[in-house]
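Data block for query37.csv (CSV, C-alpha atoms):
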```csv
chain,number,residue,atom,x,y,z
E,1,MET,CA,-13.8,-300.0,-34.1
E,2,LYS,CA,-16.9,-298.7,-35.9
E,3,LEU,CA,-18.7,-300.2,-38.9
E,4,THR,CA,-19.9,-297.5,-41.5
E,5,THR,CA,-21.2,-297.4,-45.1
E,6,ARG,CA,-20.0,-295.4,-48.0
E,7,ASN,CA,-21.3,-295.6,-51.6
E,8,GLY,CA,-23.1,-298.8,-50.7
E,9,LYS,CA,-20.0,-300.5,-49.4
E,10,LEU,CA,-19.0,-301.4,-45.8
E,11,TRP,CA,-16.1,-299.6,-44.2
E,12,ILE,CA,-14.5,-299.8,-40.8
E,13,THR,CA,-13.2,-296.8,-38.8
E,14,PHE,CA,-10.7,-297.3,-36.0
E,15,TYR,CA,-7.9,-295.6,-34.0
E,16,HIS,CA,-4.4,-297.0,-33.6
E,17,GLN,CA,-1.8,-295.2,-31.6
E,18,SER,CA,-4.0,-292.1,-31.6
E,19,LYS,CA,-4.2,-292.1,-35.4
E,20,ARG,CA,-7.5,-292.5,-37.2
E,21,TYR,CA,-7.8,-295.1,-40.0
E,22,ARG,CA,-10.6,-295.9,-42.5
E,23,LYS,CA,-10.6,-299.1,-44.5
E,24,SER,CA,-13.1,-300.6,-47.0
E,25,LEU,CA,-14.1,-304.2,-46.5
E,26,ASN,CA,-15.0,-304.5,-50.2
E,27,LEU,CA,-18.4,-305.8,-49.2
E,28,ASP,CA,-21.9,-304.5,-50.2
E,29,ASP,CA,-23.9,-303.1,-47.3
E,30,THR,CA,-26.3,-306.0,-46.7
E,31,LYS,CA,-27.7,-307.5,-43.6
E,32,ALA,CA,-25.7,-310.7,-44.1
E,33,ASN,CA,-22.4,-308.9,-44.8
E,34,ARG,CA,-22.9,-306.7,-41.7
E,35,LYS,CA,-23.3,-309.8,-39.6
E,36,LEU,CA,-20.1,-311.3,-41.3
E,37,ALA,CA,-18.2,-308.1,-40.6
E,38,ILE,CA,-19.2,-307.8,-36.9
E,39,ASN,CA,-18.8,-311.5,-36.0
E,40,LYS,CA,-15.7,-312.4,-38.0
E,41,ILE,CA,-13.9,-309.7,-40.0
E,42,MET,CA,-13.7,-307.0,-37.3
E,43,PRO,CA,-12.5,-309.4,-34.6
E,44,GLU,CA,-9.8,-310.7,-36.9
E,45,ILE,CA,-8.7,-307.2,-37.7
E,46,GLN,CA,-8.6,-306.3,-34.0
E,47,TYR,CA,-6.4,-309.3,-33.4
E,48,LYS,CA,-4.0,-308.3,-36.2
E,49,LEU,CA,-3.9,-304.8,-34.9
E,50,ASN,CA,-2.8,-306.0,-31.5
E,51,THR,CA,-0.1,-308.2,-33.0
E,52,GLY,CA,1.1,-305.7,-35.5
E,53,GLU,CA,0.3,-308.0,-38.4
E,54,PHE,CA,-2.4,-305.8,-39.8
E,55,PHE,CA,-0.2,-303.0,-41.0
E,56,ASN,CA,2.5,-305.3,-42.3
E,57,ASN,CA,-0.1,-307.0,-44.6
E,58,GLU,CA,-1.6,-303.7,-45.6
E,59,LYS,CA,1.8,-302.4,-46.7
E,60,GLN,CA,2.5,-305.5,-48.8
E,61,ASN,CA,-0.9,-305.4,-50.6
E,62,VAL,CA,-0.6,-301.8,-51.8
E,63,PRO,CA,0.8,-301.8,-55.4
E,64,THR,CA,3.7,-299.7,-56.6
E,65,VAL,CA,3.3,-297.0,-59.2
E,66,GLY,CA,4.9,-299.3,-61.7
E,67,GLU,CA,2.4,-302.0,-60.9
E,68,TYR,CA,-0.7,-299.9,-60.9
E,69,MET,CA,-0.1,-297.4,-63.8
E,70,PRO,CA,-0.7,-300.2,-66.5
E,71,ILE,CA,-4.0,-301.0,-64.7
E,72,SER,CA,-5.0,-297.3,-64.9
E,73,PHE,CA,-4.1,-297.2,-68.6
E,74,GLU,CA,-6.2,-300.3,-69.2
E,75,LEU,CA,-9.2,-298.8,-67.4
E,76,HIS,CA,-9.3,-296.0,-69.9
E,77,SER,CA,-8.2,-297.8,-73.0
E,78,GLN,CA,-11.7,-297.9,-74.6
E,79,SER,CA,-12.4,-294.2,-74.0
E,80,ARG,CA,-9.1,-292.8,-75.3
E,81,ARG,CA,-7.9,-292.5,-78.8
E,82,GLU,CA,-5.0,-294.8,-79.6
E,83,LEU,CA,-2.7,-291.8,-80.2
E,84,THR,CA,-3.7,-290.3,-76.8
E,85,GLN,CA,-3.0,-293.5,-75.0
E,86,LYS,CA,0.4,-293.8,-76.7
E,87,GLY,CA,1.2,-290.2,-75.6
E,88,TYR,CA,0.3,-291.0,-72.0
E,89,ASP,CA,2.4,-294.1,-72.0
E,90,SER,CA,5.3,-292.0,-73.3
E,91,ILE,CA,4.7,-289.4,-70.5
E,92,TYR,CA,4.8,-292.1,-67.9
E,93,ASN,CA,8.0,-293.7,-69.2
E,94,ILE,CA,9.9,-290.4,-69.6
E,95,HIS,CA,8.7,-288.3,-66.7
E,96,ILE,CA,7.0,-290.4,-64.0
E,97,LYS,CA,8.6,-293.9,-64.1
E,98,PRO,CA,12.2,-292.7,-63.3
E,99,TYR,CA,11.0,-291.0,-60.1
E,100,PHE,CA,8.3,-293.2,-58.8
E,101,GLU,CA,8.2,-296.7,-60.5
E,102,LYS,CA,9.1,-298.6,-57.3
E,103,ARG,CA,7.3,-296.5,-54.8
E,104,LYS,CA,4.1,-297.8,-53.3
E,105,ILE,CA,1.3,-295.5,-54.2
E,106,ASP,CA,0.3,-294.8,-50.6
E,107,SER,CA,3.9,-293.8,-49.7
E,108,ILE,CA,4.0,-290.8,-51.9
E,109,LYS,CA,3.3,-287.5,-50.1
E,110,PRO,CA,2.3,-284.1,-51.4
E,111,SER,CA,5.8,-282.8,-50.8
E,112,ASP,CA,7.2,-285.6,-53.1
E,113,ILE,CA,4.8,-284.4,-55.8
E,114,ILE,CA,5.9,-280.8,-55.4
E,115,ARG,CA,9.6,-281.6,-55.5
E,116,TRP,CA,9.0,-283.8,-58.6
E,117,GLN,CA,7.1,-280.9,-60.3
E,118,ASN,CA,9.9,-278.5,-59.5
E,119,SER,CA,12.5,-280.7,-61.1
E,120,LEU,CA,10.4,-280.9,-64.2
E,121,LEU,CA,9.9,-277.2,-64.3
E,122,LYS,CA,13.7,-276.7,-64.7
E,123,LYS,CA,13.4,-278.0,-68.3
E,124,LEU,CA,9.7,-277.9,-69.2
E,125,SER,CA,7.0,-275.2,-69.3
E,126,PRO,CA,4.3,-275.0,-66.6
E,127,LYS,CA,1.7,-276.0,-69.2
E,128,ARG,CA,3.7,-279.2,-70.1
E,129,VAL,CA,4.2,-280.1,-66.4
E,130,ARG,CA,0.4,-279.7,-65.8
E,131,SER,CA,-0.2,-282.2,-68.6
E,132,ILE,CA,2.3,-284.7,-67.2
E,133,ARG,CA,0.8,-284.2,-63.7
E,134,SER,CA,-2.7,-285.0,-65.0
E,135,VAL,CA,-1.6,-288.5,-66.2
E,136,PHE,CA,-0.2,-289.2,-62.7
E,137,ASN,CA,-3.2,-287.8,-61.0
E,138,THR,CA,-5.6,-289.9,-63.0
E,139,MET,CA,-3.8,-293.0,-61.7
E,140,TYR,CA,-4.5,-291.9,-58.1
E,141,MET,CA,-8.2,-291.2,-58.8
E,142,ASP,CA,-8.4,-294.7,-60.3
E,143,ALA,CA,-6.8,-296.2,-57.1
E,144,ILE,CA,-9.3,-294.3,-54.9
E,145,ASN,CA,-12.2,-295.6,-57.0
E,146,ASP,CA,-10.8,-299.1,-56.6
E,147,GLU,CA,-10.6,-298.5,-52.8
E,148,ILE,CA,-6.9,-299.2,-52.7
E,149,ILE,CA,-6.1,-295.9,-51.1
E,150,GLU,CA,-8.2,-293.2,-49.4
E,151,LYS,CA,-6.1,-290.1,-50.1
E,152,ASN,CA,-4.8,-288.5,-53.2
E,153,PRO,CA,-1.5,-286.6,-52.6
E,154,PHE,CA,-2.2,-284.3,-55.6
E,155,ASN,CA,-5.1,-282.7,-53.7
E,156,LYS,CA,-2.6,-281.0,-51.5
E,157,ALA,CA,0.1,-280.4,-54.1
E,158,PRO,CA,-0.8,-277.3,-56.1
E,159,ALA,CA,-0.3,-277.5,-59.9
E,160,PRO,CA,2.4,-275.1,-61.4
E,161,LYS,CA,1.0,-271.7,-62.1
E,162,LYS,CA,0.4,-270.7,-65.6
E,163,GLY,CA,3.3,-268.9,-67.0
E,164,ASN,CA,3.1,-265.9,-69.4
E,165,THR,CA,1.8,-267.4,-72.6
E,166,ALA,CA,3.9,-266.1,-75.5
E,167,GLU,CA,1.8,-264.4,-78.0
E,168,LYS,CA,1.3,-266.3,-81.2
E,169,ILE,CA,2.5,-263.9,-83.8
E,170,PRO,CA,1.2,-264.7,-87.3
E,171,PHE,CA,3.3,-264.3,-90.3
E,172,THR,CA,2.6,-261.4,-92.6
E,173,MET,CA,1.3,-262.1,-96.1
E,174,GLU,CA,4.7,-261.3,-97.6
E,175,GLU,CA,6.5,-263.6,-95.2
E,176,MET,CA,3.9,-266.4,-95.9
E,177,PHE,CA,4.5,-266.4,-99.6
E,178,SER,CA,8.2,-266.0,-99.2
E,179,ILE,CA,8.3,-269.2,-97.1
E,180,ILE,CA,6.2,-271.1,-99.6
E,181,LYS,CA,8.3,-270.1,-102.6
E,182,THR,CA,11.6,-270.6,-100.8
E,183,ALA,CA,10.8,-274.1,-99.5
E,184,PRO,CA,12.3,-277.1,-101.4
E,185,ARG,CA,10.1,-278.1,-104.3
E,186,LYS,CA,9.2,-281.5,-102.8
E,187,ILE,CA,7.6,-279.9,-99.7
E,188,ARG,CA,6.4,-276.6,-101.1
E,189,ALA,CA,2.8,-277.8,-101.4
E,190,PHE,CA,2.9,-278.8,-97.7
E,191,PHE,CA,3.5,-275.3,-96.6
E,192,ALA,CA,1.0,-273.9,-99.2
E,193,ILE,CA,-1.7,-276.1,-97.7
E,194,GLY,CA,-0.8,-275.1,-94.2
E,195,PHE,CA,-0.9,-271.4,-94.9
E,196,LEU,CA,-3.8,-271.4,-97.3
E,197,THR,CA,-6.3,-273.8,-95.6
E,198,GLY,CA,-5.4,-273.6,-91.9
E,199,MET,CA,-5.3,-277.4,-91.7
E,200,ARG,CA,-3.4,-278.9,-88.8
E,201,THR,CA,0.0,-280.3,-89.7
E,202,GLY,CA,-1.0,-283.8,-88.7
E,203,GLU,CA,-4.0,-283.6,-91.0
E,204,ILE,CA,-1.7,-282.6,-93.9
E,205,VAL,CA,0.8,-285.4,-93.3
E,206,ALA,CA,-2.2,-287.9,-93.6
E,207,LEU,CA,-3.4,-286.5,-96.9
E,208,LYS,CA,-3.9,-288.9,-99.8
E,209,TRP,CA,-4.6,-288.0,-103.4
E,210,GLU,CA,-8.1,-289.5,-103.0
E,211,HIS,CA,-8.8,-286.7,-100.6
E,212,ILE,CA,-8.1,-284.0,-103.2
E,213,ASP,CA,-11.1,-283.2,-105.4
E,214,PHE,CA,-9.7,-280.9,-108.1
E,215,ASP,CA,-13.1,-280.6,-109.8
E,216,LYS,CA,-15.0,-279.5,-106.8
E,217,LYS,CA,-12.0,-277.6,-105.4
E,218,ILE,CA,-12.1,-279.2,-102.0
E,219,ILE,CA,-9.7,-281.2,-99.7
E,220,LYS,CA,-11.5,-283.9,-97.7
E,221,VAL,CA,-10.0,-283.9,-94.2
E,222,ARG,CA,-10.6,-287.4,-92.9
E,223,LYS,CA,-7.5,-288.5,-91.1
E,224,ALA,CA,-4.6,-287.2,-89.0
E,225,ARG,CA,-1.1,-288.7,-88.6
E,226,ARG,CA,1.2,-288.3,-85.6
E,227,GLY,CA,3.8,-290.6,-84.0
E,228,GLY,CA,3.4,-293.1,-86.9
E,229,ILE,CA,-0.3,-293.6,-86.0
E,230,GLU,CA,-3.1,-292.6,-88.4
E,231,SER,CA,-6.4,-291.9,-86.7
E,232,ASP,CA,-9.5,-289.8,-86.9
E,233,PRO,CA,-8.9,-286.1,-86.7
E,234,LYS,CA,-8.9,-284.3,-83.4
E,235,THR,CA,-12.7,-283.8,-83.0
E,236,SER,CA,-15.8,-284.8,-85.0
E,237,ASN,CA,-15.9,-281.2,-86.3
E,238,SER,CA,-12.4,-281.7,-87.7
E,239,ILE,CA,-13.8,-284.1,-90.3
E,240,ARG,CA,-14.6,-281.6,-93.0
E,241,ASP,CA,-14.3,-280.4,-96.6
E,242,VAL,CA,-11.8,-277.6,-97.0
E,243,LEU,CA,-12.0,-275.1,-99.8
E,244,ILE,CA,-9.1,-275.0,-102.2
E,245,LEU,CA,-8.5,-271.3,-102.7
E,246,ASP,CA,-7.2,-270.3,-106.1
E,247,PRO,CA,-3.6,-269.5,-105.0
E,248,LEU,CA,-3.3,-273.0,-103.6
E,249,MET,CA,-4.5,-274.8,-106.7
E,250,SER,CA,-1.3,-274.1,-108.7
E,251,TYR,CA,0.9,-275.6,-105.9
E,252,LEU,CA,-1.2,-278.7,-105.7
E,253,LEU,CA,-1.2,-279.3,-109.5
E,254,GLU,CA,2.6,-278.7,-109.6
E,255,HIS,CA,3.1,-281.2,-106.7
E,256,LYS,CA,0.9,-283.8,-108.5
E,257,ARG,CA,3.0,-283.5,-111.6
E,258,MET,CA,6.2,-283.8,-109.6
E,259,MET,CA,5.0,-286.9,-107.7
E,260,LYS,CA,3.9,-288.8,-110.9
E,261,ASN,CA,1.8,-291.3,-108.9
E,262,LYS,CA,4.8,-292.3,-106.7
E,263,SER,CA,2.5,-292.8,-103.7
E,264,ASP,CA,-1.1,-292.7,-102.5
E,265,TYR,CA,0.1,-290.0,-100.0
E,266,LEU,CA,0.8,-286.5,-101.0
E,267,PHE,CA,4.0,-286.2,-98.9
E,268,VAL,CA,6.4,-289.1,-98.5
E,269,ASN,CA,10.0,-289.5,-97.3
E,270,LYS,CA,12.9,-290.9,-99.3
E,271,TYR,CA,11.6,-294.4,-98.8
E,272,LYS,CA,8.3,-293.4,-100.3
E,273,ASP,CA,6.6,-293.9,-97.0
E,274,PRO,CA,4.3,-291.3,-95.4
E,275,TYR,CA,6.1,-289.2,-92.8
E,276,TYR,CA,6.0,-290.6,-89.2
E,277,SER,CA,4.8,-287.1,-88.1
E,278,SER,CA,5.2,-283.5,-89.0
E,279,SER,CA,8.3,-283.2,-86.7
E,280,LYS,CA,10.6,-284.5,-89.5
E,281,ILE,CA,9.3,-281.9,-91.9
E,282,SER,CA,9.7,-279.2,-89.3
E,283,TYR,CA,13.3,-280.1,-88.6
E,284,SER,CA,14.4,-280.8,-92.2
E,285,TYR,CA,12.5,-278.2,-94.2
E,286,TRP,CA,10.7,-275.6,-92.1
E,287,LYS,CA,13.5,-274.5,-89.8
E,288,PRO,CA,16.1,-274.3,-92.7
E,289,THR,CA,13.6,-272.3,-94.8
E,290,LEU,CA,13.1,-269.7,-92.0
E,291,GLU,CA,16.9,-269.5,-91.5
E,292,LYS,CA,17.4,-268.9,-95.2
E,293,LEU,CA,14.9,-266.0,-95.1
E,294,ASN,CA,16.4,-264.7,-91.9
E,295,LEU,CA,13.1,-265.0,-90.1
E,296,PRO,CA,12.9,-265.6,-86.4
E,297,TYR,CA,12.0,-269.2,-85.6
E,298,ARG,CA,8.3,-269.9,-85.0
E,299,LYS,CA,6.6,-273.2,-84.8
E,300,MET,CA,5.2,-274.7,-88.0
E,301,TYR,CA,1.8,-274.8,-86.4
E,302,LEU,CA,1.8,-271.0,-86.8
E,303,MET,CA,0.8,-271.6,-90.5
E,304,ARG,CA,-2.7,-272.4,-89.1
E,305,HIS,CA,-2.7,-269.3,-86.9
E,306,THR,CA,-1.6,-267.2,-89.8
E,307,PHE,CA,-4.4,-268.4,-92.1
E,308,ILE,CA,-7.1,-267.7,-89.5
E,309,SER,CA,-5.8,-264.3,-88.6
E,310,LEU,CA,-5.2,-263.3,-92.2
E,311,MET,CA,-8.7,-264.3,-93.3
E,312,ILE,CA,-10.5,-262.6,-90.4
E,313,SER,CA,-8.4,-259.4,-90.6
E,314,ASN,CA,-9.3,-259.1,-94.3
E,315,GLY,CA,-13.0,-259.4,-93.6
E,316,GLU,CA,-13.8,-263.0,-94.4
E,317,ASP,CA,-16.8,-264.4,-92.7
E,318,ILE,CA,-15.7,-265.7,-89.3
E,319,LEU,CA,-18.3,-268.6,-89.4
E,320,TRP,CA,-16.8,-269.8,-92.7
E,321,VAL,CA,-13.2,-269.6,-91.3
E,322,SER,CA,-14.3,-271.5,-88.2
E,323,ARG,CA,-15.8,-274.3,-90.2
E,324,ASN,CA,-12.9,-274.4,-92.6
E,325,VAL,CA,-10.3,-275.0,-89.9
E,326,GLY,CA,-12.5,-277.5,-87.9
E,327,HIS,CA,-13.2,-275.6,-84.7
E,328,LYS,CA,-15.9,-277.1,-82.5
E,329,ASP,CA,-18.0,-273.9,-82.8
E,330,VAL,CA,-17.5,-270.3,-83.9
E,331,SER,CA,-17.2,-269.1,-80.3
E,332,ILE,CA,-13.7,-270.7,-80.1
E,333,THR,CA,-12.6,-268.8,-83.2
E,334,PHE,CA,-14.1,-265.6,-82.0
E,335,LYS,CA,-12.5,-265.9,-78.6
E,336,GLU,CA,-9.1,-266.5,-79.9
E,337,TYR,CA,-9.1,-264.2,-83.0
E,338,ALA,CA,-11.6,-261.4,-82.3
E,339,ARG,CA,-8.7,-258.9,-82.0
E,340,TYR,CA,-8.0,-259.4,-85.7
E,341,ILE,CA,-11.5,-258.2,-86.8
E,342,ASP,CA,-11.0,-254.7,-88.3
E,343,ASP,CA,-14.4,-253.1,-88.6
E,344,GLY,CA,-13.5,-249.6,-87.7
E,345,LYS,CA,-14.6,-248.2,-91.0
E,346,LYS,CA,-17.9,-249.9,-91.0
E,347,GLN,CA,-20.8,-247.6,-90.7
E,348,ARG,CA,-23.1,-248.5,-87.8
E,349,ALA,CA,-26.9,-248.5,-87.6
E,350,ILE,CA,-27.5,-247.3,-91.2
E,351,PHE,CA,-31.1,-248.7,-90.9
E,352,LEU,CA,-31.9,-246.0,-88.3
E,353,LYS,CA,-30.7,-243.2,-90.6
E,354,GLU,CA,-32.9,-244.5,-93.4
E,355,ALA,CA,-35.9,-244.7,-91.1
E,356,ALA,CA,-35.4,-241.2,-89.6
```
What is this file in structure tokens?
Amino acid sequence: MKLTTRNGKLWITFYHQSKRYRKSLNLDDTKANRKLAINKIMPEIQYKLNTGEFFNNEKQNVPTVGEYMPISFELHSQSRRELTQKGYDSIYNIHIKPYFEKRKIDSIKPSDIIRWQNSLLKKLSPKRVRSIRSVFNTMYMDAINDEIIEKNPFNKAPAPKKGNTAEKIPFTMEEMFSIIKTAPRKIRAFFAIGFLTGMRTGEIVALKWEHIDFDKKIIKVRKARRGGIESDPKTSNSIRDVLILDPLMSYLLEHKRMMKNKSDYLFVNKYKDPYYSSSKISYSYWKPTLEKLNLPYRKMYLMRHTFISLMISNGEDILWVSRNVGHKDVSITFKEYARYIDDGKKQRAIFLKEAA
């Protein structure tokens, strides 16, 4: 049995039945603690190893996934947005708990992780499975930091490979205006805002009339709403003022006349409450509108993609577009949408011709 140090803590290394073990003593590496370890703790461990009591106690002290996952969530509660934390809790309850709740965290092997991932891949995309996997993996990293376990089974269980990402096909300008005009009157402005500002659907759901400045022609994006929770937008750059383009103004004014001060929010359900999320709007209004127009189904989020691609392909300043939609910086916009820049007819290096 050997006494070692790791990250300022005392550990012991020993062999039992030809297998090597390492265990933290949860003691700082000090002269007094080394003396305590050598004279008392290590002899006690050796005795328990000889009687078999050591491994029985160790097994009992390791928590199950159901016991430790709430601790992991609590460790990150101050660094995560409330909405993110709620989403992770949902992931655990739906995709992890049914498989692993009662398993001790040190009993789960890489093969268990791979079989679990394979079962999820039967109904979910590789991207979604990787997101679920990250929640579970974070719990293991926390357990290692707490020195409860030494190995993370995810390190030897490869994540699902990225599948072929379906191309996000924007709507044409004709399709865009057809969708807006065909949508039910009560929700028409929602689609107009989505297509003509590039705002995220959660940002539109959270809009209040106080955020609309008709005089300055701006929409103040200050909140987002998803899963019944209203929070700050996705990033600090998402807090922004969005220009109300002329085609959008008429839809906003019509919607205001229709609402007649029924609510502080622009868009409310039949109970005059703000929508829980954009999912209800997608199911009740977006999908039926596409069906009515015989358009192939595309996610409602494609309104944002359509705005960006439409602006860039028609020569609008990419920096303005980037700021308008709340991207962190213009490099993100350029990376995703550079293919829509049509500058084939632009003459190059005119200044050289003038100087020659």
Would you mind listing what lies within 10 Å of segment 182-186 of chain E as a PyMOL selection string, with all atoms listed in the file counted and same-chain residues fewer than 5 positions away left out? chain E and resi 177+191-192+251+254-255+258-259+266-269+285-286+288-290+292-293
Which protein, DNA or RNA residues have an atom at most 10 Å from (6.3, -294.9, -64.8), counting all atoms listed in the file? List them as a PyMOL selection string. chain E and resi 64-70+89-102+136
d(atom CA of Ser131 of chain E, atom CA of Lys168 of chain E) in Å: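 Interatomic distance, atom CA of Ser131 of chain E to atom CA of Lys168 of chain E: 20.3 Å.
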Atomic separation - atom CA of Val135 of chain E relative to atom CA of Ser79 of chain E, Å: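 If I compute the distance from atom CA of Ser79 of chain E to atom CA of Val135 of chain E, I get 14.5 Å.
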Within 8 Å of Arg240 of chain E, counting all atoms listed in the file, which residues qualify if same-chain residues fewer than 5 places away don't, as a list in words? Lys220, Val221, Arg222, Arg323, Asn324 and Gly326 of chain E
Residues at most 9 Å from Lys299 of chain E, counting only C-alpha atoms, excluding those fewer than 3 positions away in the same chain, as a PyMOL selection string? chain E and resi 282+286-287+302-303
Give as a list in words the set of residues within 12 Å of the point (-6.8, -288.5, -100.3), where distances use the file's coordinates and all atoms listed in the file.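 Those residues lying close to the given coordinates are Glu203, Ile204, Val205, Ala206, Leu207, Lys208, Trp209, Glu210, His211, Ile212, Asp213, Phe214, Ile218, Ile219, Lys220, Val221, Arg222, Lys223, Ala224, Asp241, Ser263, Asp264, Tyr265, Leu266 and Phe267 of chain E.
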Expected file contents, prior selection, C-alpha atoms, as a PDB file, in the frame of the given file:
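Written file, out.pdb:
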```pdb
ATOM      1  CA  GLU E 203      -4.000-283.600 -91.000  1.00  0.00           C
ATOM      2  CA  ILE E 204      -1.700-282.600 -93.900  1.00  0.00           C
ATOM      3  CA  VAL E 205       0.800-285.400 -93.300  1.00  0.00           C
ATOM      4  CA  ALA E 206      -2.200-287.900 -93.600  1.00  0.00           C
ATOM      5  CA  LEU E 207      -3.400-286.500 -96.900  1.00  0.00           C
ATOM      6  CA  LYS E 208      -3.900-288.900 -99.800  1.00  0.00           C
ATOM      7  CA  TRP E 209      -4.600-288.000-103.400  1.00  0.00           C
ATOM      8  CA  GLU E 210      -8.100-289.500-103.000  1.00  0.00           C
ATOM      9  CA  HIS E 211      -8.800-286.700-100.600  1.00  0.00           C
ATOM     10  CA  ILE E 212      -8.100-284.000-103.200  1.00  0.00           C
ATOM     11  CA  ASP E 213     -11.100-283.200-105.400  1.00  0.00           C
ATOM     12  CA  PHE E 214      -9.700-280.900-108.100  1.00  0.00           C
ATOM     13  CA  ILE E 218     -12.100-279.200-102.000  1.00  0.00           C
ATOM     14  CA  ILE E 219      -9.700-281.200 -99.700  1.00  0.00           C
ATOM     15  CA  LYS E 220     -11.500-283.900 -97.700  1.00  0.00           C
ATOM     16  CA  VAL E 221     -10.000-283.900 -94.200  1.00  0.00           C
ATOM     17  CA  ARG E 222     -10.600-287.400 -92.900  1.00  0.00           C
ATOM     18  CA  LYS E 223      -7.500-288.500 -91.100  1.00  0.00           C
ATOM     19  CA  ALA E 224      -4.600-287.200 -89.000  1.00  0.00           C
ATOM     20  CA  ASP E 241     -14.300-280.400 -96.600  1.00  0.00           C
ATOM     21  CA  SER E 263       2.500-292.800-103.700  1.00  0.00           C
ATOM     22  CA  ASP E 264      -1.100-292.700-102.500  1.00  0.00           C
ATOM     23  CA  TYR E 265       0.100-290.000-100.000  1.00  0.00           C
ATOM     24  CA  LEU E 266       0.800-286.500-101.000  1.00  0.00           C
ATOM     25  CA  PHE E 267       4.000-286.200 -98.900  1.00  0.00           C
TER      26      PHE E 267
END
```
